[in-house]
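**Student:** File protein-v8.txt follows (compact mmCIF, C-alpha atoms and all ligand atoms):
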```
# COMPACT_ATOMS: atom_id res chain seq x y z
CA MET D 25 76.79 -8.85 -55.18
CA ARG D 26 79.47 -11.41 -54.43
CA ILE D 27 81.43 -10.71 -51.23
CA VAL D 28 84.73 -12.56 -51.36
CA GLY D 29 86.58 -13.18 -48.07
CA LEU D 30 90.35 -12.72 -48.12
CA THR D 31 92.28 -13.76 -45.06
CA GLY D 32 95.43 -15.51 -43.88
CA GLY D 33 98.12 -15.00 -41.28
CA ILE D 34 100.02 -11.86 -40.44
CA ALA D 35 102.46 -11.10 -43.30
CA SER D 36 101.20 -14.07 -45.33
CA GLY D 37 100.53 -11.74 -48.28
CA LYS D 38 96.91 -10.56 -48.01
CA SER D 39 97.74 -6.95 -48.91
CA THR D 40 99.82 -8.17 -51.84
CA VAL D 41 96.82 -10.18 -53.12
CA SER D 42 94.49 -7.23 -52.38
CA ASN D 43 96.67 -5.03 -54.58
CA LEU D 44 96.34 -7.58 -57.40
CA PHE D 45 92.54 -7.48 -57.05
CA LYS D 46 92.57 -3.66 -57.07
CA SER D 47 94.81 -3.55 -60.14
CA HIS D 48 92.17 -5.69 -61.92
CA GLY D 49 89.36 -3.28 -60.95
CA VAL D 50 87.97 -5.33 -58.05
CA PRO D 51 87.40 -3.10 -54.99
CA VAL D 52 88.77 -4.21 -51.64
CA VAL D 53 87.57 -3.28 -48.16
CA ASP D 54 90.66 -3.45 -45.94
CA ALA D 55 89.80 -4.20 -42.29
CA ASP D 56 93.19 -2.86 -41.15
CA VAL D 57 92.33 0.54 -42.68
CA VAL D 58 88.87 0.47 -41.10
CA ALA D 59 90.46 -0.48 -37.75
CA ARG D 60 92.89 2.43 -38.08
CA ASP D 61 89.96 4.82 -38.67
CA ALA D 62 88.24 3.35 -35.61
CA LEU D 63 91.24 4.46 -33.50
CA LYS D 64 91.56 7.98 -34.96
CA LYS D 65 91.75 10.80 -32.41
CA GLY D 66 88.29 11.73 -31.13
CA SER D 67 86.48 8.69 -32.60
CA GLY D 68 84.29 6.40 -30.48
CA GLY D 69 86.96 3.67 -30.52
CA TRP D 70 89.66 6.18 -29.48
CA LYS D 71 87.59 7.35 -26.51
CA LYS D 72 87.07 3.76 -25.30
CA VAL D 73 90.76 2.89 -25.71
CA VAL D 74 91.93 6.02 -23.86
CA ALA D 75 89.45 5.29 -21.04
CA ALA D 76 90.66 1.69 -20.80
CA PHE D 77 94.43 2.02 -21.35
CA GLY D 78 94.98 5.54 -19.98
CA GLU D 79 96.38 8.73 -21.53
CA GLU D 80 99.90 7.29 -21.42
CA ILE D 81 98.90 5.38 -24.57
CA LEU D 82 98.69 8.68 -26.50
CA LEU D 83 101.32 10.53 -28.52
CA GLU D 84 101.83 14.26 -28.01
CA ASN D 85 99.45 15.01 -30.88
CA GLY D 86 96.67 13.00 -29.19
CA GLU D 87 96.75 10.05 -31.61
CA VAL D 88 97.14 6.54 -30.19
CA ASN D 89 100.76 5.37 -29.99
CA ARG D 90 100.21 2.26 -32.12
CA PRO D 91 103.60 0.61 -31.55
CA MET D 92 103.13 1.04 -27.78
CA LEU D 93 99.59 -0.38 -27.84
CA GLY D 94 100.85 -3.21 -30.08
CA GLN D 95 103.60 -4.04 -27.55
CA ILE D 96 100.99 -4.22 -24.80
CA VAL D 97 98.34 -6.30 -26.54
CA PHE D 98 100.53 -8.69 -28.53
CA SER D 99 102.32 -9.82 -25.37
CA ASP D 100 99.17 -10.18 -23.25
CA PRO D 101 96.23 -12.25 -24.58
CA ASP D 102 93.74 -10.84 -22.01
CA LYS D 103 94.52 -7.23 -22.95
CA ARG D 104 94.30 -8.15 -26.63
CA GLN D 105 90.85 -9.74 -26.15
CA PHE D 106 89.82 -6.63 -24.24
CA LEU D 107 90.99 -4.33 -27.06
CA ASN D 108 89.26 -6.57 -29.60
CA ARG D 109 85.99 -6.33 -27.68
CA LEU D 110 86.27 -2.51 -27.49
CA LEU D 111 86.94 -2.06 -31.19
CA ALA D 112 84.88 -4.91 -32.74
CA PRO D 113 81.57 -2.97 -33.04
CA HIS D 114 83.35 0.01 -34.66
CA ILE D 115 85.26 -2.22 -37.07
CA SER D 116 82.24 -4.31 -38.11
CA SER D 117 80.03 -1.25 -38.65
CA GLY D 118 82.87 0.44 -40.60
CA ILE D 119 83.18 -2.61 -42.85
CA PHE D 120 79.39 -2.78 -43.28
CA TRP D 121 79.18 0.84 -44.50
CA GLU D 122 82.11 0.38 -46.88
CA VAL D 123 80.27 -2.63 -48.37
CA VAL D 124 77.01 -0.67 -48.67
CA LYS D 125 78.84 2.20 -50.45
CA LEU D 126 80.38 -0.20 -52.97
CA TRP D 127 77.06 -1.99 -53.48
CA LEU D 128 75.34 1.36 -54.18
CA LYS D 129 78.07 2.11 -56.73
CA GLY D 130 76.97 -1.06 -58.54
CA TYR D 131 79.99 -3.32 -58.02
CA LYS D 132 79.18 -7.00 -58.61
CA VAL D 133 82.23 -8.41 -56.81
CA ILE D 134 83.97 -6.98 -53.78
CA VAL D 135 86.73 -8.39 -51.61
CA LEU D 136 86.85 -8.14 -47.80
CA ASP D 137 90.48 -8.29 -46.64
CA VAL D 138 90.06 -9.21 -42.97
CA PRO D 139 93.01 -10.71 -41.05
CA LEU D 140 90.67 -11.97 -38.32
CA LEU D 141 87.85 -13.14 -40.65
CA PHE D 142 87.45 -16.52 -38.85
CA GLU D 143 88.31 -15.26 -35.35
CA ALA D 144 85.66 -12.51 -35.68
CA LYS D 145 83.18 -14.99 -37.24
CA MET D 146 82.78 -12.80 -40.33
CA ASP D 147 83.45 -15.78 -42.60
CA LYS D 148 79.72 -16.56 -42.79
CA PHE D 149 79.11 -13.39 -44.83
CA THR D 150 81.69 -14.19 -47.52
CA LYS D 151 81.94 -16.71 -50.34
CA PRO D 152 84.35 -17.97 -51.48
CA ILE D 153 86.86 -17.62 -48.64
CA ILE D 154 90.42 -17.24 -49.91
CA VAL D 155 93.22 -18.04 -47.46
CA VAL D 156 96.69 -16.77 -48.32
CA TRP D 157 99.05 -19.33 -46.81
CA VAL D 158 102.85 -19.36 -46.36
CA ASP D 159 105.10 -21.80 -44.58
CA PRO D 160 106.05 -20.76 -41.02
CA GLU D 161 109.72 -19.99 -41.81
CA THR D 162 108.80 -17.71 -44.71
CA GLN D 163 106.07 -16.02 -42.65
CA ILE D 164 108.35 -15.02 -39.76
CA LYS D 165 111.15 -14.00 -42.14
CA ARG D 166 108.82 -11.72 -44.15
CA LEU D 167 107.22 -10.30 -41.01
CA MET D 168 110.57 -9.44 -39.40
CA GLY D 169 111.82 -8.02 -42.70
CA ARG D 170 108.76 -5.83 -43.28
CA ASP D 171 108.27 -4.54 -39.71
CA LYS D 172 111.98 -4.52 -38.75
CA SER D 173 110.90 -6.44 -35.66
CA SER D 174 112.67 -8.93 -33.38
CA GLU D 175 111.99 -12.66 -33.61
CA GLU D 176 110.17 -12.46 -30.26
CA ASP D 177 107.82 -9.65 -31.35
CA ALA D 178 107.13 -11.33 -34.67
CA GLY D 179 106.43 -14.65 -32.89
CA ASN D 180 104.01 -12.92 -30.48
CA ARG D 181 102.08 -11.40 -33.37
CA ILE D 182 101.89 -14.73 -35.21
CA ASN D 183 100.72 -16.53 -32.04
CA ALA D 184 97.98 -13.92 -31.53
CA GLN D 185 96.08 -15.38 -34.48
CA MET D 186 94.41 -18.68 -35.27
CA PRO D 187 97.12 -21.02 -36.62
CA LEU D 188 97.51 -20.56 -40.37
CA ASP D 189 97.14 -24.32 -41.00
CA VAL D 190 93.72 -24.23 -39.30
CA LYS D 191 92.71 -21.30 -41.51
CA ARG D 192 93.90 -23.21 -44.56
CA ASN D 193 91.58 -26.11 -43.66
CA LYS D 194 88.61 -23.72 -43.51
CA ALA D 195 89.31 -22.16 -46.92
CA ASP D 196 87.36 -22.57 -50.14
CA VAL D 197 90.47 -21.49 -52.06
CA VAL D 198 94.09 -21.60 -50.86
CA ILE D 199 96.78 -19.38 -52.35
CA ASP D 200 100.23 -20.68 -51.42
CA ASN D 201 102.44 -17.59 -51.22
CA THR D 202 105.63 -19.35 -50.14
CA GLY D 203 107.17 -18.89 -53.58
CA SER D 204 107.94 -15.87 -55.72
CA LEU D 205 105.65 -13.00 -56.69
CA ASP D 206 105.40 -14.58 -60.17
CA ASP D 207 104.11 -17.82 -58.58
CA LEU D 208 101.60 -15.76 -56.63
CA ASN D 209 100.42 -13.92 -59.73
CA GLU D 210 99.93 -17.19 -61.60
CA GLN D 211 97.68 -18.56 -58.83
CA PHE D 212 95.89 -15.22 -58.58
CA GLN D 213 94.86 -15.28 -62.27
CA LYS D 214 92.96 -18.57 -61.71
CA VAL D 215 91.31 -17.20 -58.57
CA LEU D 216 90.27 -14.03 -60.43
CA ILE D 217 88.49 -16.12 -63.12
CA GLU D 218 86.74 -18.14 -60.39
CA VAL D 219 85.44 -15.13 -58.40
CA SER D 220 84.42 -13.22 -61.54
CA LYS D 221 81.99 -15.95 -62.65
CA PRO D 222 78.43 -14.62 -62.70
CA LEU D 223 76.26 -15.51 -59.69
CA THR D 224 73.54 -18.15 -60.04
CA TRP D 225 69.97 -16.76 -59.99
CA THR D 226 69.48 -17.90 -56.38
CA GLN D 227 72.72 -16.26 -55.22
CA PHE D 228 71.81 -13.09 -57.15
CA TRP D 229 68.29 -12.94 -55.63
CA LEU D 230 69.55 -13.52 -52.09
CA SER D 231 72.35 -10.96 -52.31
CA ARG D 232 70.21 -8.26 -53.92
CA ASN D 233 67.19 -8.67 -51.63
CA GLY D 234 69.34 -9.28 -48.55
CA ALA D 235 71.07 -5.96 -49.12
CA LEU D 236 67.73 -4.20 -49.79
CA ILE D 237 66.24 -5.59 -46.57
CA ILE D 238 69.28 -4.39 -44.56
CA LEU D 239 69.10 -0.93 -46.17
CA ALA D 240 65.35 -0.68 -45.51
CA SER D 241 65.84 -1.73 -41.86
CA VAL D 242 68.62 0.82 -41.33
CA THR D 243 66.58 3.60 -43.01
CA SER D 244 63.45 2.86 -40.97
CA GLY D 245 65.59 2.70 -37.79
CA VAL D 246 66.97 6.17 -38.55
CA VAL D 247 63.47 7.54 -39.32
CA LEU D 248 62.11 6.10 -36.03
CA CYS D 249 65.02 7.64 -34.08
CA ILE D 250 64.44 11.06 -35.69
CA LYS D 251 60.69 10.84 -34.90
CA ALA D 252 61.37 9.80 -31.30
CA LEU D 253 63.81 12.70 -30.83
CA SER D 254 61.56 15.38 -32.39
C1 LIG N 301 97.27 -3.04 -31.72
C2 LIG N 301 97.39 -2.11 -32.92
C3 LIG N 301 97.18 -0.66 -32.51
C4 LIG N 301 98.84 -2.25 -33.47
O1 LIG N 301 98.94 -1.46 -34.63
P1 LIG N 301 100.06 -1.73 -35.75
O2 LIG N 301 100.06 -0.49 -36.60
O3 LIG N 301 101.33 -2.12 -35.07
O4 LIG N 301 99.58 -2.99 -36.57
P2 LIG N 301 98.45 -3.06 -37.73
O5 LIG N 301 97.18 -2.46 -37.23
O6 LIG N 301 99.00 -2.52 -39.00
O7 LIG N 301 98.18 -4.62 -37.84
C5 LIG N 301 99.10 -5.45 -38.52
C6 LIG N 301 98.58 -6.85 -38.49
O8 LIG N 301 98.50 -7.32 -37.15
C7 LIG N 301 97.46 -8.27 -37.04
N1 LIG N 301 96.53 -7.83 -35.98
C8 LIG N 301 96.05 -6.61 -35.73
N2 LIG N 301 95.23 -6.61 -34.67
C9 LIG N 301 95.19 -7.88 -34.24
C10 LIG N 301 94.51 -8.53 -33.16
N3 LIG N 301 93.71 -7.83 -32.35
N4 LIG N 301 94.71 -9.85 -33.02
C11 LIG N 301 95.51 -10.55 -33.83
N5 LIG N 301 96.18 -10.00 -34.87
C12 LIG N 301 96.01 -8.68 -35.07
C13 LIG N 301 96.77 -8.30 -38.42
O9 LIG N 301 97.28 -9.36 -39.17
C14 LIG N 301 97.18 -6.99 -39.04
O10 LIG N 301 97.18 -7.09 -40.46
C15 LIG N 301 96.38 -2.48 -34.04
O11 LIG N 301 96.75 -3.68 -34.64
C16 LIG N 301 94.95 -2.59 -33.55
O12 LIG N 301 94.33 -1.60 -33.30
N6 LIG N 301 94.43 -3.83 -33.46
C17 LIG N 301 93.10 -4.08 -32.98
C18 LIG N 301 92.13 -3.94 -34.11
C19 LIG N 301 92.04 -5.18 -34.94
O13 LIG N 301 91.53 -6.18 -34.49
N7 LIG N 301 92.56 -5.11 -36.18
C20 LIG N 301 92.49 -6.19 -37.12
C21 LIG N 301 91.40 -5.93 -38.10
S1 LIG N 301 90.43 -7.36 -38.37
N1 LIG N 302 105.66 -13.87 -52.90
C1 LIG N 302 106.37 -12.98 -52.20
N2 LIG N 302 107.71 -12.94 -52.30
C2 LIG N 302 108.45 -12.08 -51.56
N3 LIG N 302 107.94 -11.19 -50.69
C3 LIG N 302 106.59 -11.18 -50.55
C4 LIG N 302 105.73 -12.06 -51.30
N4 LIG N 302 104.47 -11.80 -50.94
C5 LIG N 302 104.51 -10.80 -50.02
N5 LIG N 302 105.77 -10.44 -49.79
C6 LIG N 302 106.26 -9.41 -48.81
O1 LIG N 302 105.97 -9.95 -47.51
C7 LIG N 302 105.54 -8.93 -46.63
C8 LIG N 302 104.14 -9.28 -46.10
O2 LIG N 302 103.20 -9.19 -47.15
P1 LIG N 302 101.82 -8.40 -46.95
O3 LIG N 302 102.08 -7.07 -46.34
O4 LIG N 302 101.09 -8.45 -48.25
O5 LIG N 302 101.13 -9.36 -45.86
P2 LIG N 302 99.74 -9.19 -45.12
O6 LIG N 302 99.16 -10.56 -45.01
O7 LIG N 302 98.89 -8.17 -45.76
O8 LIG N 302 100.21 -8.68 -43.68
P3 LIG N 302 99.34 -8.05 -42.45
O9 LIG N 302 98.57 -9.17 -41.83
O10 LIG N 302 100.33 -7.52 -41.50
O11 LIG N 302 98.45 -6.98 -43.02
C9 LIG N 302 105.58 -7.63 -47.42
O12 LIG N 302 106.82 -7.00 -47.17
C10 LIG N 302 105.50 -8.10 -48.88
O13 LIG N 302 106.11 -7.20 -49.77
```
Here is a file; write its structure as structure tokens.

**Tutor:**
Amino acid sequence: MRIVGLTGGIASGKSTVSNLFKSHGVPVVDADVVARDALKKGSGGWKKVVAAFGEEILLENGEVNRPMLGQIVFSDPDKRQFLNRLLAPHISSGIFWEVVKLWLKGYKVIVLDVPLLFEAKMDKFTKPIIVVWVDPETQIKRLMGRDKSSEEDAGNRINAQMPLDVKRNKADVVIDNTGSLDDLNEQFQKVLIEVSKPLTWTQFWLSRNGALIILASVTSGVVLCIKALS
């Protein structure tokens, strides 16, 4: 299986590119969705966040007040690192299981849409790595437009990530999304051809057996736990 990395800056257009992949039948694992699940009321991530940030971070219905938590962590790098450390194991295991499910369904190509692919060092599991780039003026304009946020809030969110130019230099493929949606679609069609090329025999062997070894390890771990508990 080919695991394609899709990343970029906040509001650079990753979800827009993800939707193009999905509309062409390529499944996408969206790290933002996984991260949202990891913060759902009662989950392991939720418990850690409530213990760390206090019950004042909750809405009346017990869910995390996301805008409030966002205000806190995007204006304070230490608190953001702290939140990242709390949620990272839940997000990476959530992504792992989504990948396993798609692999078991027989998909040959899947896309991981992970805003913090480089920051979280998940880039080593994906090939090729696609970076969706936009120029800084367009990025802040689109971010403020989409989230109805102030220039200060949008700037804080942009500065919370590795600079987009640095990400661009680490990419195997760059999609420049500064232009129109038609421009984006034109670039996407070339990328789609590239990522749909069959794997070489070596890549195929490594991906198939790598996944089998991981599955076997997880299964034997579960069996050992059940034996130890019984
Ligand atoms: C702080 C939270 C509650 C704010 O929620 P909110 O609904 O306002 O934003 P949302 O989750 O939709 O994220 C929007 C974008 O912000 C950026 N972003 C999110 N978390 C982070 C972070 N920790 N560091 C830098 N950028 C981030 C991403 O580009 C993301 O696409 C939320 O972002 C969160 O739980 N973040 C920590 C989990 C995480 O690292 N998510 C990114 C997945 S790799
Ligand atoms: N080429 C384009 N022309 C005009 N608007 C665009 C273009 N591409 C994306 N947008 C708009 O810009 C905003 C940001 O795009 P999108 O949500 O895809 O970014 P993202 O990288 O997924 O953001 P996030 O990191 O927050 O998840 C959205 O409102 C989207 O509709």

**Student:** Given all atoms listed in the file as the basis, pick out the residue of D:Gly33, D:Gly86, D:Pro91, D:Pro187 nearest to ligand LIG 302 (chain N).

**Tutor:**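 Smallest distance to ligand LIG 302 (chain N) is found for D:Gly33.
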
**Student:** Within 6 Å of ligand LIG 302 (chain N), counting only C-alpha atoms and all ligand atoms, which protein or nucleic acid residues do you find, written as a PyMOL selection string?

**Tutor:** chain D and resi 33-40+139+166+170+201+203-205+208

**Student:** How would you report the residues lying within 6 Å of ligand LIG 301 (chain N), as number ranges by chain, if you count only C-alpha atoms and all ligand atoms?

**Tutor:** D: 34, 55-56, 59, 90-91, 93-94, 104, 108, 138-140, 184-185

**Student:** Write a file of the selected residues as an mmCIF file, in the coordinates of the input, keeping C-alpha atoms.

**Tutor:**
```cif
data_model
loop_
_atom_site.group_PDB
_atom_site.id
_atom_site.type_symbol
_atom_site.label_atom_id
_atom_site.label_comp_id
_atom_site.auth_asym_id
_atom_site.auth_seq_id
_atom_site.Cartn_x
_atom_site.Cartn_y
_atom_site.Cartn_z
ATOM 1 C CA ILE D 34 100.020 -11.860 -40.440
ATOM 2 C CA ALA D 55 89.800 -4.200 -42.290
ATOM 3 C CA ASP D 56 93.190 -2.860 -41.150
ATOM 4 C CA ALA D 59 90.460 -0.480 -37.750
ATOM 5 C CA ARG D 90 100.210 2.260 -32.120
ATOM 6 C CA PRO D 91 103.600 0.610 -31.550
ATOM 7 C CA LEU D 93 99.590 -0.380 -27.840
ATOM 8 C CA GLY D 94 100.850 -3.210 -30.080
ATOM 9 C CA ARG D 104 94.300 -8.150 -26.630
ATOM 10 C CA ASN D 108 89.260 -6.570 -29.600
ATOM 11 C CA VAL D 138 90.060 -9.210 -42.970
ATOM 12 C CA PRO D 139 93.010 -10.710 -41.050
ATOM 13 C CA LEU D 140 90.670 -11.970 -38.320
ATOM 14 C CA ALA D 184 97.980 -13.920 -31.530
ATOM 15 C CA GLN D 185 96.080 -15.380 -34.480
#
```

**Student:** Hey, can you check how far atom CA of D:Ala112 sits from atom CA of D:Arg181?

**Tutor:**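 Value for the atom CA of D:Ala112-atom CA of D:Arg181 distance: 18.4 Å.
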
**Student:** So, counting all atoms listed in the file, which residue among D:Gly130, D:Pro152, D:Gly118, D:Gly179 is closest to D:Met25?

**Tutor:**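 Of the candidates, the smallest distance to D:Met25 is held by D:Gly130.
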
**Student:** Within 10 Å of (100.7, -24.4, -51.4) in the file's own coordinates, which protein, DNA or RNA residues have an atom, counting all atoms listed in the file? List them as a PyMOL selection string.

**Tutor:** chain D and resi 156-159+192+198-203+211

**Student:** Considering only C-alpha atoms, state which residue in the set D:Lys103, D:Met168, D:Lys221, D:Phe142 is at the smallest distance from D:Asn193.

**Tutor:**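 Ranked by minimum distance to D:Asn193, first place goes to D:Phe142.
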
**Student:** I need the residue nearest D:Pro101 from this list: D:Leu248, D:Thr243, D:Asn180, D:Glu161. Use only C-alpha atoms for the distance.

**Tutor:**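 Among the listed residues, D:Asn180 lies closest to D:Pro101.
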
**Student:** Write out as an NGL selection string each polymer residue whose atoms come within 12 Å of D:Trp121, counting all atoms listed in the file; drop sequence neighbours fewer than 2 positions from it.

**Tutor:** :D and (53 or 55 or 58 or 114-119 or 123-128 or 235 or 238-239 or 242)

**Student:** At what distance in Å, to one decimal, does atom CA of D:Asn209 lie from atom CA of D:Phe149?

**Tutor:** 26.0 Å
